[in-house]
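Next comes upload22.cif, with mmCIF, C-alpha atoms and all ligand atoms.
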data_query
#
loop_
_atom_site.label_atom_id
_atom_site.label_comp_id
_atom_site.auth_asym_id
_atom_site.auth_seq_id
_atom_site.Cartn_x
_atom_site.Cartn_y
_atom_site.Cartn_z
CA MET L 1 -8.54 48.98 -29.38
CA THR L 2 -8.40 47.18 -26.09
CA ALA L 3 -5.22 47.48 -24.15
CA THR L 4 -4.56 44.95 -21.46
CA PRO L 5 -3.49 46.75 -18.33
CA ASP L 6 -0.34 45.36 -16.83
CA ASP L 7 -2.09 44.37 -13.63
CA ALA L 8 -4.67 42.29 -15.52
CA THR L 9 -2.17 39.52 -16.18
CA PRO L 10 -0.83 37.87 -13.06
CA SER L 11 2.92 38.42 -13.04
CA SER L 12 4.67 35.09 -12.56
CA PRO L 13 5.74 35.00 -8.92
CA SER L 14 9.34 34.29 -8.10
CA PRO L 15 9.61 30.63 -7.12
CA LEU L 16 9.58 29.69 -3.43
CA VAL L 17 12.33 27.16 -4.15
CA THR L 18 14.66 26.77 -7.11
CA PHE L 19 16.39 23.44 -7.58
CA GLU L 20 19.64 23.44 -9.53
CA LEU L 21 20.20 19.94 -10.90
CA VAL L 22 23.85 19.19 -11.62
CA THR L 23 23.68 16.01 -13.68
CA LEU L 24 25.29 14.23 -16.61
CA PHE L 25 21.75 13.26 -17.70
CA PRO L 26 19.83 16.55 -17.63
CA ASP L 27 16.77 15.08 -19.45
CA LEU L 28 16.41 12.05 -17.21
CA LEU L 29 13.80 13.54 -14.86
CA ASP L 30 11.90 15.58 -17.46
CA GLY L 31 8.85 13.32 -17.64
CA TYR L 32 8.64 13.06 -13.90
CA LEU L 33 8.98 16.79 -13.35
CA ARG L 34 6.24 17.50 -15.90
CA ALA L 35 3.69 15.17 -14.35
CA SER L 36 1.19 15.55 -11.59
CA LEU L 37 1.30 18.04 -8.71
CA LEU L 38 5.00 18.69 -9.19
CA GLY L 39 4.45 19.61 -12.85
CA LYS L 40 1.64 21.96 -11.81
CA ALA L 41 3.84 23.58 -9.14
CA ILE L 42 6.56 24.18 -11.72
CA GLY L 43 3.96 25.43 -14.24
CA ALA L 44 2.56 27.80 -11.61
CA GLY L 45 6.05 29.13 -10.83
CA ILE L 46 6.05 27.95 -7.20
CA VAL L 47 8.97 25.61 -7.88
CA ALA L 48 11.69 26.05 -10.50
CA VAL L 49 14.14 23.42 -11.75
CA GLU L 50 17.30 24.41 -13.62
CA ARG L 51 19.83 22.01 -15.08
CA THR L 52 23.59 22.17 -15.51
CA ASN L 53 25.63 19.40 -17.14
CA PRO L 54 29.19 19.01 -15.85
CA ARG L 55 30.10 17.53 -19.23
CA ASP L 56 29.73 21.01 -20.73
CA PHE L 57 32.61 22.03 -18.47
CA ALA L 58 34.82 19.01 -19.01
CA PRO L 59 38.21 19.77 -20.50
CA GLY L 60 39.61 18.12 -23.60
CA ARG L 61 38.23 16.90 -26.90
CA HIS L 62 36.52 13.90 -25.29
CA ARG L 63 34.86 15.91 -22.53
CA SER L 64 35.42 13.07 -20.10
CA VAL L 65 34.18 13.69 -16.59
CA ASP L 66 35.86 10.76 -14.84
CA ASP L 67 39.24 9.14 -14.48
CA THR L 68 40.81 6.06 -12.92
CA PRO L 69 41.13 5.97 -9.12
CA CYS L 70 44.43 7.14 -7.67
CA GLY L 71 46.05 4.19 -5.91
CA GLY L 72 44.40 1.73 -8.28
CA GLY L 73 41.28 -0.38 -8.05
CA PRO L 74 38.23 -0.99 -10.23
CA GLY L 75 35.86 1.59 -11.69
CA MET L 76 36.19 5.27 -12.33
CA VAL L 77 36.01 8.39 -10.20
CA ILE L 78 34.18 11.60 -11.13
CA SER L 79 36.64 14.47 -11.41
CA PRO L 80 36.16 17.58 -9.29
CA VAL L 81 37.07 19.82 -12.24
CA PRO L 82 33.83 19.77 -14.31
CA VAL L 83 31.56 19.41 -11.25
CA VAL L 84 32.97 22.45 -9.47
CA ALA L 85 33.00 24.40 -12.77
CA ALA L 86 29.27 23.55 -13.17
CA LEU L 87 28.56 24.76 -9.62
CA GLU L 88 30.44 28.01 -10.29
CA ASP L 89 28.61 28.54 -13.55
CA LEU L 90 25.11 28.17 -12.07
CA THR L 91 26.09 30.43 -9.17
CA ALA L 92 27.37 33.10 -11.55
CA ARG L 93 24.22 32.87 -13.70
CA ARG L 94 21.50 32.65 -11.07
CA GLY L 95 23.06 33.21 -7.65
CA PRO L 96 24.35 31.12 -4.74
CA ALA L 97 22.61 27.91 -3.73
CA HIS L 98 22.79 25.47 -0.82
CA LYS L 99 24.83 22.67 -2.38
CA ILE L 100 23.87 19.06 -1.64
CA LEU L 101 25.97 16.15 -2.81
CA LEU L 102 23.75 13.10 -3.38
CA THR L 103 25.59 9.98 -2.33
CA PRO L 104 24.80 6.75 -0.47
CA ARG L 105 27.40 7.74 2.10
CA GLY L 106 25.50 10.92 3.03
CA ARG L 107 23.26 11.67 5.98
CA LEU L 108 19.93 9.86 5.68
CA LEU L 109 17.03 11.96 4.39
CA ASP L 110 13.96 11.87 6.63
CA GLN L 111 10.91 14.10 7.04
CA GLY L 112 12.78 16.28 9.54
CA GLN L 113 15.55 16.91 7.02
CA VAL L 114 12.95 17.57 4.32
CA ARG L 115 11.31 20.19 6.54
CA ARG L 116 14.66 21.83 7.23
CA LEU L 117 15.53 21.97 3.52
CA SER L 118 12.10 23.32 2.55
CA ALA L 119 13.05 26.68 4.09
CA LEU L 120 15.94 27.19 1.63
CA PRO L 121 15.30 29.33 -1.47
CA ARG L 122 17.91 27.74 -3.77
CA ILE L 123 19.17 24.17 -3.59
CA ALA L 124 21.78 22.61 -5.88
CA LEU L 125 21.51 18.82 -6.16
CA VAL L 126 24.74 17.25 -7.37
CA CYS L 127 24.10 13.83 -8.90
CA GLY L 128 26.77 11.19 -9.33
CA ARG L 129 26.59 8.36 -11.84
CA TYR L 130 27.91 4.79 -11.39
CA GLU L 131 31.18 5.77 -9.81
CA GLY L 132 32.04 7.81 -6.76
CA PHE L 133 33.09 11.42 -6.62
CA ASP L 134 36.63 12.59 -6.09
CA GLU L 135 36.71 13.44 -2.38
CA ARG L 136 37.34 17.10 -3.18
CA VAL L 137 33.84 17.51 -4.70
CA ALA L 138 32.45 17.18 -1.16
CA SER L 139 34.60 20.11 0.03
CA PHE L 140 32.75 22.35 -2.44
CA CYS L 141 29.31 21.24 -1.20
CA ASP L 142 27.48 22.18 2.00
CA GLU L 143 26.27 18.69 2.88
CA GLU L 144 25.93 15.11 1.68
CA LEU L 145 22.56 13.34 1.58
CA SER L 146 21.48 9.74 1.00
CA ILE L 147 17.89 8.61 0.44
CA GLY L 148 18.33 5.15 1.94
CA ASP L 149 20.59 2.24 2.70
CA TYR L 150 20.89 0.82 -0.79
CA VAL L 151 22.92 1.79 -3.83
CA LEU L 152 21.52 3.46 -6.95
CA SER L 153 23.49 3.83 -10.15
CA GLY L 154 22.98 7.57 -10.09
CA GLY L 155 21.87 10.45 -7.93
CA GLU L 156 19.05 11.54 -10.27
CA LEU L 157 16.33 9.45 -8.62
CA ALA L 158 17.55 10.70 -5.24
CA ALA L 159 17.27 14.26 -6.60
CA ALA L 160 13.68 13.57 -7.66
CA VAL L 161 12.94 12.31 -4.15
CA VAL L 162 14.42 15.44 -2.59
CA ILE L 163 12.55 17.74 -4.99
CA GLU L 164 9.18 16.07 -4.52
CA SER L 165 9.41 15.72 -0.76
CA ILE L 166 10.29 19.41 -0.40
CA ALA L 167 7.84 20.70 -3.03
CA ARG L 168 4.82 19.08 -1.39
CA LEU L 169 5.48 21.07 1.78
CA LEU L 170 5.35 24.41 -0.03
CA PRO L 171 2.14 26.42 0.21
CA GLY L 172 0.04 26.00 -2.93
CA VAL L 173 1.59 22.70 -4.07
CA LEU L 174 -0.76 20.31 -2.33
CA GLY L 175 -4.39 21.15 -1.74
CA CYS L 176 -5.89 20.37 1.60
CA GLY L 177 -4.68 17.30 3.40
CA LEU L 178 -1.12 18.51 3.47
CA SER L 179 -1.07 19.21 7.18
CA ALA L 180 -2.69 15.86 7.89
CA ALA L 181 -0.27 13.96 5.69
CA GLU L 182 2.71 15.72 7.19
CA ASP L 183 1.58 15.67 10.78
CA SER L 184 1.33 11.92 10.70
CA PHE L 185 5.00 11.55 10.02
CA SER L 186 6.13 14.42 12.18
CA ALA L 187 4.39 12.69 15.05
CA GLY L 188 6.62 9.69 14.27
CA ARG L 189 3.73 7.41 13.34
CA LEU L 190 2.85 5.74 10.06
CA GLU L 191 -0.44 6.66 8.40
CA HIS L 192 -3.57 4.88 9.56
CA PRO L 193 -5.15 2.58 6.94
CA GLN L 194 -7.86 3.99 4.64
CA TRP L 195 -10.84 2.57 2.76
CA THR L 196 -13.30 3.81 0.17
CA ARG L 197 -16.31 2.30 -1.61
CA PRO L 198 -17.33 -0.42 -2.35
CA LEU L 199 -18.02 -1.32 1.28
CA GLU L 200 -17.49 -4.98 0.45
CA PHE L 201 -14.87 -6.16 -2.05
CA ARG L 202 -14.21 -9.87 -2.68
CA GLY L 203 -15.04 -10.76 0.88
CA HIS L 204 -13.11 -7.88 2.45
CA ARG L 205 -15.32 -5.41 4.31
CA VAL L 206 -14.65 -1.83 5.35
CA PRO L 207 -14.41 -1.79 9.18
CA ASP L 208 -17.81 -0.99 10.75
CA ILE L 209 -16.45 1.78 12.95
CA LEU L 210 -15.69 3.91 9.86
CA LEU L 211 -19.39 3.79 8.93
CA SER L 212 -20.58 4.61 12.45
CA GLY L 213 -20.57 8.40 12.05
CA ASP L 214 -18.98 8.69 15.50
CA HIS L 215 -16.13 11.06 14.63
CA ALA L 216 -14.41 10.93 18.02
CA ALA L 217 -14.46 7.13 18.02
CA ILE L 218 -13.18 7.05 14.43
CA ALA L 219 -10.32 9.44 15.24
CA ARG L 220 -9.35 7.30 18.25
CA TRP L 221 -9.54 4.08 16.21
CA ARG L 222 -7.33 5.63 13.53
CA ARG L 223 -4.73 6.68 16.11
CA ARG L 224 -4.73 3.15 17.46
CA GLU L 225 -4.33 1.54 14.02
CA ALA L 226 -1.51 4.01 13.17
CA TYR L 227 0.23 3.04 16.39
CA ARG L 228 -0.37 -0.69 15.84
CA ARG L 229 1.16 -0.44 12.39
CA THR L 230 4.12 1.64 13.57
CA ALA L 231 4.90 -0.69 16.47
CA ALA L 232 4.72 -3.71 14.14
CA VAL L 233 6.68 -2.41 11.15
CA ARG L 234 8.78 0.50 12.41
CA PRO L 235 9.58 0.00 16.09
CA ASP L 236 12.62 2.24 15.51
CA LEU L 237 10.23 5.21 15.25
CA LEU L 238 9.00 4.53 18.80
CA SER L 239 12.37 5.23 20.38
CA LEU L 240 12.50 8.61 18.65
CA HIS L 241 8.84 9.39 19.43
CA PRO L 242 7.94 7.57 22.66
CA PRO L 243 4.40 6.17 23.09
CA THR L 244 1.74 8.49 24.50
CA GLU L 245 -0.36 7.49 27.50
CA GLU L 246 -3.19 6.09 25.34
CA GLU L 247 -0.67 4.19 23.20
CA ARG L 248 0.86 2.59 26.31
CA VAL L 249 -2.61 1.41 27.32
CA TRP L 250 -3.19 -0.11 23.85
CA ALA L 251 0.22 -1.80 23.92
CA GLU L 252 -0.59 -3.37 27.31
CA GLU L 253 -3.95 -4.57 25.97
CA TRP L 254 -2.25 -6.21 22.99
CA ALA L 255 0.42 -7.74 25.21
CA ARG L 256 -2.31 -9.26 27.44
CA GLU L 257 -4.12 -10.61 24.37
CA ARG L 258 -0.88 -12.06 23.05
CA GLY L 259 -0.06 -13.49 26.47
CA GLY L 260 -3.39 -15.28 26.47
CA GLN L 261 -2.80 -16.48 22.94
CA ASP L 262 0.76 -17.58 23.76
CA GLN L 263 -0.57 -19.58 26.71
CA ASN L 264 -3.13 -21.25 24.48
CA ASP L 265 -0.39 -22.04 21.97
CA ALA L 266 1.81 -23.46 24.72
CA LEU L 267 -1.06 -25.61 26.04
CA SER L 268 -1.99 -26.97 22.65
CA ALA L 269 1.70 -27.66 21.92
CA GLN L 270 1.75 -29.91 24.99
CA GLU L 271 -1.27 -31.85 23.79
CA PRO L 272 -0.49 -35.10 22.02
CA ARG L 273 -0.77 -34.71 18.24
CA THR L 274 -2.81 -37.86 17.85
CA ARG L 275 -5.47 -38.85 20.30
CA PRO L 276 -5.10 -42.35 21.72
CL1 LIG S 1 21.82 10.01 -2.99
N1 LIG S 1 22.87 8.25 -4.63
C1 LIG S 1 23.11 7.00 -5.05
N2 LIG S 1 23.84 6.80 -6.15
N3 LIG S 1 22.67 5.93 -4.42
C2 LIG S 1 21.93 6.15 -3.33
C3 LIG S 1 21.65 7.41 -2.84
C4 LIG S 1 22.14 8.46 -3.53
N4 LIG S 1 20.91 7.28 -1.73
C5 LIG S 1 20.76 5.99 -1.55
N5 LIG S 1 21.37 5.29 -2.50
#
Please lay out the structure from this file as structure tokens.
Amino acid sequence: MTATPDDATPSSPSPLVTFELVTLFPDLLDGYLRASLLGKAIGAGIVAVERTNPRDFAPGRHRSVDDTPCGGGPGMVISPVPVVAALEDLTARRGPAHKILLTPRGRLLDQGQVRRLSALPRIALVCGRYEGFDERVASFCDEELSIGDYVLSGGELAAAVVIESIARLLPGVLGCGLSAAEDSFSAGRLEHPQWTRPLEFRGHRVPDILLSGDHAAIARWRRREAYRRTAAVRPDLLSLHPPTEEERVWAEEWARERGGQDQNDALSAQEPRTRP
């Protein structure tokens, strides 16, 4: 008879982060949470996701979770009663959590917020649906978060965004490349562009410098392209993370080039359209 010693099977580690989804659609994210790196992290026990449905705590035969707005107006408002009961139930079962209300009126999620949240061991994500929450729900939460300036019909996709952005920062979730991927945003710059084979595709060639083997030159070129892209598409990031010395030099170069181009444009605009 062969007995398996206890220490031969790896005991499942306690998760680094547990997410407590509070949602009226507890199955909605199942496929997403099963797939890819996130699914592996959950399978490996690094991340755990629990679900609690406020409808299970709704009073009455119809288990309704919303009601008409006090003072009148269109739509419905989610009642604090089942939501707070759901929060109390998950706390009683599995312990206290940092409670986040997901709402478009919340503070905007960015990589800095993600980093802050990634240090918390238990996070409850309270998802709304269609309508707003009764104001009192917010008093039972620790903060309110939004994932962007647009309106979704529910907080579930926002919850998926929060879960994935936090999970990928945890050790063991991403392979290598994590620090690189994160550093680029923490430095307040967009990622530099990337290419792979084939070296020529429908007339578009991979830039020669990337094939040069000159690693210092490549690194510098990538920093410059990251800065070019950031300045063009996200100038707001530059006020938060001011240009470095080398970036200022590049910006001046581009301004001179543009100046020359603008002058050419101005000159050709003065030329008569049709020659006499
Ligand atoms: Cl967190 N919820 C909803 N419903 N819409 C949003 C959002 C959250 N963030 C941006 N839009």
Go through L:Leu152, L:Leu28, L:Ala231, L:Ile78 and flag the residue nearest ligand LIG 1 (chain S), using all atoms listed in the file for the distances.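 Closest candidate: L:Leu152.
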What residues have any atom no more than 12 Å from ligand LIG 1 (chain S) when counting only C-alpha atoms and all ligand atoms, and can you list them as a ChimeraX atom specification? /L:23,100-110,125-133,143-162
Skip region 48-60 of chain L itself and residues of its chain fewer than 4 positions away, then list as a PyMOL selection string all residues within 9 Å of it, counting only C-alpha atoms. chain L and resi 14-27+33+41-43+64-65+81-87+89-90+163
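Taking CA of Arg258 (chain L) and CA of Arg229 (chain L) as the two end points, the separation is 15.9 Å.
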Would you please work out which residue, of L:Val114, L:Glu200, L:Arg223, L:Arg205, is nearest to Leu169 (chain L) when using only C-alpha atoms? L:Val114
When you draw a straight line from CA of Ala97 (chain L) to CA of Ala119 (chain L), how long is it in Å?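 Calculated distance between CA of Ala97 (chain L) and CA of Ala119 (chain L) is 12.4 Å.
Nearest to Thr230 (chain L) of all the residues L:Gly259, L:Gly45, L:Pro207, L:Pro242 is L:Pro242, based on only C-alpha atoms.
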What's the separation between CA of Trp254 (chain L) and CA of Ala219 (chain L), in Å to one decimal place? 19.2 Å
For Tyr227 (chain L), list every protein, DNA or RNA residue within 10 Å, evaluated using all atoms listed in the file, and leave out those in the same chain fewer than 3 positions away; present the list as a PDB file with C-alpha atoms, keeping the file's coordinate frame.
ATOM      1  CA  GLY L 188       6.620   9.690  14.270  1.00  0.00           C
ATOM      2  CA  ARG L 189       3.730   7.410  13.340  1.00  0.00           C
ATOM      3  CA  LEU L 190       2.850   5.740  10.060  1.00  0.00           C
ATOM      4  CA  GLU L 191      -0.440   6.660   8.400  1.00  0.00           C
ATOM      5  CA  HIS L 192      -3.570   4.880   9.560  1.00  0.00           C
ATOM      6  CA  TRP L 221      -9.540   4.080  16.210  1.00  0.00           C
ATOM      7  CA  ARG L 222      -7.330   5.630  13.530  1.00  0.00           C
ATOM      8  CA  ARG L 223      -4.730   6.680  16.110  1.00  0.00           C
ATOM      9  CA  ARG L 224      -4.730   3.150  17.460  1.00  0.00           C
ATOM     10  CA  THR L 230       4.120   1.640  13.570  1.00  0.00           C
ATOM     11  CA  ALA L 231       4.900  -0.690  16.470  1.00  0.00           C
ATOM     12  CA  ALA L 232       4.720  -3.710  14.140  1.00  0.00           C
ATOM     13  CA  VAL L 233       6.680  -2.410  11.150  1.00  0.00           C
ATOM     14  CA  ARG L 234       8.780   0.500  12.410  1.00  0.00           C
ATOM     15  CA  PRO L 235       9.580   0.000  16.090  1.00  0.00           C
ATOM     16  CA  LEU L 238       9.000   4.530  18.800  1.00  0.00           C
ATOM     17  CA  PRO L 243       4.400   6.170  23.090  1.00  0.00           C
ATOM     18  CA  THR L 244       1.740   8.490  24.500  1.00  0.00           C
ATOM     19  CA  GLU L 247      -0.670   4.190  23.200  1.00  0.00           C
ATOM     20  CA  ARG L 248       0.860   2.590  26.310  1.00  0.00           C
ATOM     21  CA  TRP L 250      -3.190  -0.110  23.850  1.00  0.00           C
ATOM     22  CA  ALA L 251       0.220  -1.800  23.920  1.00  0.00           C
TER      23      ALA L 251
END
In terms of the shortest atom-to-atom distance over all atoms listed in the file, which of L:Arg34, L:Ser118, L:His98, L:Leu240 is closest to Arg168 (chain L)?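 For Arg168 (chain L), the nearest of the given residues is L:Ser118.
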Using only C-alpha atoms for the distances, tell me which of L:Leu199, L:Val249, L:Val137, L:Ala226 is nearest to Ser79 (chain L). L:Val137
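With all atoms listed in the file as the atoms that count, the residue of L:Leu174, L:Leu117, L:Cys141, L:Ala124 with the shortest distance to Lys40 (chain L) is L:Leu174.
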Which centre and edge lengths in Å to one decimal define the box along x, y and z that fits every listed atom of region 21-38 of chain L plus 4 Å per side, as AutoDock Vina command-line options?
--center_x 13.2 --center_y 16.0 --center_z -14.1 --size_x 32.1 --size_y 15.9 --size_z 18.7
Would you mind exporting region 205-228 of chain L with C-alpha atoms, as a PDB file, in the first residue's frame?
ATOM      1  CA  ARG L 205       8.263  47.072 -43.066  1.00  0.00           C
ATOM      2  CA  VAL L 206       9.541  46.590 -39.535  1.00  0.00           C
ATOM      3  CA  PRO L 207      11.714  49.647 -38.687  1.00  0.00           C
ATOM      4  CA  ASP L 208      15.389  48.961 -39.485  1.00  0.00           C
ATOM      5  CA  ILE L 209      16.616  50.050 -36.064  1.00  0.00           C
ATOM      6  CA  LEU L 210      14.857  47.067 -34.443  1.00  0.00           C
ATOM      7  CA  LEU L 211      16.940  44.719 -36.609  1.00  0.00           C
ATOM      8  CA  SER L 212      20.209  46.535 -35.899  1.00  0.00           C
ATOM      9  CA  GLY L 213      21.156  44.549 -32.792  1.00  0.00           C
ATOM     10  CA  ASP L 214      22.190  47.818 -31.107  1.00  0.00           C
ATOM     11  CA  HIS L 215      20.331  47.387 -27.815  1.00  0.00           C
ATOM     12  CA  ALA L 216      21.102  50.843 -26.433  1.00  0.00           C
ATOM     13  CA  ALA L 217      19.938  52.500 -29.642  1.00  0.00           C
ATOM     14  CA  ILE L 218      16.798  50.346 -29.692  1.00  0.00           C
ATOM     15  CA  ALA L 219      15.960  51.213 -26.081  1.00  0.00           C
ATOM     16  CA  ARG L 220      16.414  54.920 -26.836  1.00  0.00           C
ATOM     17  CA  TRP L 221      14.292  54.690 -29.998  1.00  0.00           C
ATOM     18  CA  ARG L 222      11.540  52.932 -28.047  1.00  0.00           C
ATOM     19  CA  ARG L 223      11.544  55.639 -25.364  1.00  0.00           C
ATOM     20  CA  ARG L 224      11.259  58.249 -28.089  1.00  0.00           C
ATOM     21  CA  GLU L 225       8.363  56.487 -29.845  1.00  0.00           C
ATOM     22  CA  ALA L 226       6.577  56.013 -26.483  1.00  0.00           C
ATOM     23  CA  TYR L 227       6.962  59.726 -25.824  1.00  0.00           C
ATOM     24  CA  ARG L 228       5.883  60.682 -29.360  1.00  0.00           C
TER      25      ARG L 228
END
